[in-house]
file structure.cif (mmCIF, C-alpha atoms)
data_coords
#
loop_
_atom_site.group_PDB
_atom_site.id
_atom_site.type_symbol
_atom_site.label_atom_id
_atom_site.label_comp_id
_atom_site.auth_asym_id
_atom_site.auth_seq_id
_atom_site.Cartn_x
_atom_site.Cartn_y
_atom_site.Cartn_z
ATOM 1 C CA MET A 1 146.638 126.777 133.381
ATOM 2 C CA ALA A 2 142.946 125.978 133.024
ATOM 3 C CA ASP A 3 140.387 128.002 134.911
ATOM 4 C CA GLN A 4 139.345 126.548 138.247
ATOM 5 C CA ILE A 5 135.756 125.744 139.164
ATOM 6 C CA THR A 6 134.202 125.024 142.535
ATOM 7 C CA LEU A 7 131.842 122.114 143.137
ATOM 8 C CA GLN A 8 130.576 120.234 146.168
ATOM 9 C CA VAL A 9 131.860 116.750 146.962
ATOM 10 C CA ASN A 10 130.212 115.009 149.921
ATOM 11 C CA GLY A 11 129.035 118.401 151.187
ATOM 12 C CA GLU A 12 132.483 120.040 151.037
ATOM 13 C CA PRO A 13 133.592 122.661 148.515
ATOM 14 C CA ARG A 14 136.327 121.393 146.187
ATOM 15 C CA THR A 15 138.083 122.963 143.238
ATOM 16 C CA CYS A 16 139.326 121.447 140.017
ATOM 17 C CA ALA A 17 140.151 122.505 136.482
ATOM 18 C CA GLU A 18 137.306 123.277 134.094
ATOM 19 C CA GLN A 19 136.364 120.366 131.842
ATOM 20 C CA THR A 20 137.684 117.726 134.241
ATOM 21 C CA ALA A 21 136.258 114.306 133.439
ATOM 22 C CA LEU A 22 134.653 112.500 136.363
ATOM 23 C CA PRO A 23 137.234 109.643 136.467
ATOM 24 C CA ASP A 24 140.034 112.229 136.588
ATOM 25 C CA LEU A 25 138.347 114.058 139.452
ATOM 26 C CA LEU A 26 137.938 110.815 141.384
ATOM 27 C CA GLN A 27 141.641 110.101 140.933
ATOM 28 C CA GLN A 28 142.596 113.630 142.022
ATOM 29 C CA LEU A 29 140.510 113.159 145.174
ATOM 30 C CA GLY A 30 142.234 109.856 145.942
ATOM 31 C CA TYR A 31 139.355 107.488 145.192
ATOM 32 C CA ASN A 32 139.712 104.121 143.500
ATOM 33 C CA ALA A 33 137.106 104.436 140.733
ATOM 34 C CA ARG A 34 136.423 100.687 140.858
ATOM 35 C CA LEU A 35 135.307 100.937 144.486
ATOM 36 C CA VAL A 36 132.942 103.908 144.481
ATOM 37 C CA ALA A 37 129.416 104.827 143.502
ATOM 38 C CA VAL A 38 128.691 108.390 142.417
ATOM 39 C CA GLU A 39 125.549 110.459 142.831
ATOM 40 C CA TYR A 40 125.757 113.379 140.419
ATOM 41 C CA ASN A 41 123.404 116.295 141.059
ATOM 42 C CA GLY A 42 120.946 114.052 142.868
ATOM 43 C CA GLU A 43 120.992 111.091 140.479
ATOM 44 C CA ILE A 44 123.046 107.905 140.594
ATOM 45 C CA LEU A 45 125.406 108.155 137.640
ATOM 46 C CA HIS A 46 125.932 104.795 135.976
ATOM 47 C CA ARG A 47 129.566 103.922 135.355
ATOM 48 C CA GLN A 48 129.068 103.777 131.569
ATOM 49 C CA TYR A 49 128.593 107.584 131.601
ATOM 50 C CA TRP A 50 131.590 108.498 133.759
ATOM 51 C CA GLU A 51 134.077 109.035 130.909
ATOM 52 C CA SER A 52 131.715 111.383 129.071
ATOM 53 C CA THR A 53 130.781 113.382 132.186
ATOM 54 C CA GLN A 54 132.739 116.567 132.746
ATOM 55 C CA VAL A 55 132.094 118.258 136.064
ATOM 56 C CA LYS A 56 130.842 121.828 135.996
ATOM 57 C CA ALA A 57 130.843 124.682 138.482
ATOM 58 C CA ASN A 58 128.344 124.176 141.312
ATOM 59 C CA ASP A 59 127.798 120.471 140.581
ATOM 60 C CA LYS A 60 127.003 118.383 143.649
ATOM 61 C CA LEU A 61 128.600 114.956 143.952
ATOM 62 C CA GLU A 62 128.145 112.351 146.641
ATOM 63 C CA ILE A 63 130.836 109.708 146.448
ATOM 64 C CA VAL A 64 130.290 106.509 148.391
ATOM 65 C CA THR A 65 133.050 103.972 148.891
ATOM 66 C CA ILE A 66 131.987 100.377 148.493
ATOM 67 C CA VAL A 67 133.210 98.262 151.393
ATOM 68 C CA GLY A 68 133.327 94.480 151.227
ATOM 69 C CA GLY A 69 132.517 92.422 154.225
ATOM 70 C CA GLY A 70 131.054 89.240 155.462
#
call {"tool": "encode", "arguments": {"input": "structure.cif", "output": "structure tokens"}}
result
Amino acid sequence: MADQITLQVNGEPRTCAEQTALPDLLQQLGYNARLVAVEYNGEILHRQYWESTQVKANDKLEIVTIVGGG
């Protein structure tokens, strides 16, 4: 089993395996990746970089769900 790391997601401590790609983390947390925006360590992370981003210990993520409306 891979070593576990701790990071912050929306202000709450969460754990995941080392070298988890961002899309995999989103799925593990129950988010639909098509309907969220991600701030990664204080910067909006553009979707084109998600696949190549592996979360690290002590990273801080803010995940915002996009809600449609009228």
call {"tool": "resolve_selection", "arguments": {"input": "structure.cif", "expression": "the PyMOL selection byres ((chain A and resi 38) around 6)", "output": "list of chain:residue names"}}
result
A:Ala37, A:Glu39, A:Ile44, A:Leu45, A:Glu62, A:Ile63
call {"tool": "atom_distance", "arguments": {"input": "structure.cif", "atom1": "atom CA of Glu51 of chain A", "atom2": "atom CA of Gln28 of chain A"}}
result
14.7 Å
call {"tool": "residues_near_point", "arguments": {"input": "structure.cif", "point": "(130.8, 121.5, 137.7)", "cutoff": "9 Å", "atoms": "only C-alpha atoms", "output": "list in words"}}
result
Ile5, Thr6, Leu7, Gln8, Cys16, Glu18, Gln19, Thr20, Gln54, Val55, Lys56, Ala57, Asn58, Asp59 and Lys60 of chain A
call {"tool": "closest_residue", "arguments": {"input": "structure.cif", "among": "A:Gln27, A:Asn41, A:Thr53, A:Gln48", "to": "Asn10 of chain A", "atoms": "all atoms listed in the file"}}
result
A:Asn41
call {"tool": "closest_residue", "arguments": {"input": "structure.cif", "among": "A:Asp3, A:Arg47, A:Ser52, A:Pro13", "to": "Arg34 of chain A", "atoms": "all atoms listed in the file"}}
result
A:Arg47
call {"tool": "closest_residue", "arguments": {"input": "structure.cif", "among": "A:Gln4, A:Glu12, A:Tyr40, A:Trp50", "to": "Asp24 of chain A", "atoms": "all atoms listed in the file"}}
result
A:Trp50
call {"tool": "atom_distance", "arguments": {"input": "structure.cif", "atom1": "atom CA of Leu35 of chain A", "atom2": "atom CA of Ala21 of chain A"}}
result
17.4 Å
call {"tool": "closest_residue", "arguments": {"input": "structure.cif", "among": "A:Val9, A:Val64, A:Glu43, A:Gly69", "to": "Leu29 of chain A", "atoms": "all atoms listed in the file"}}
result
A:Val9
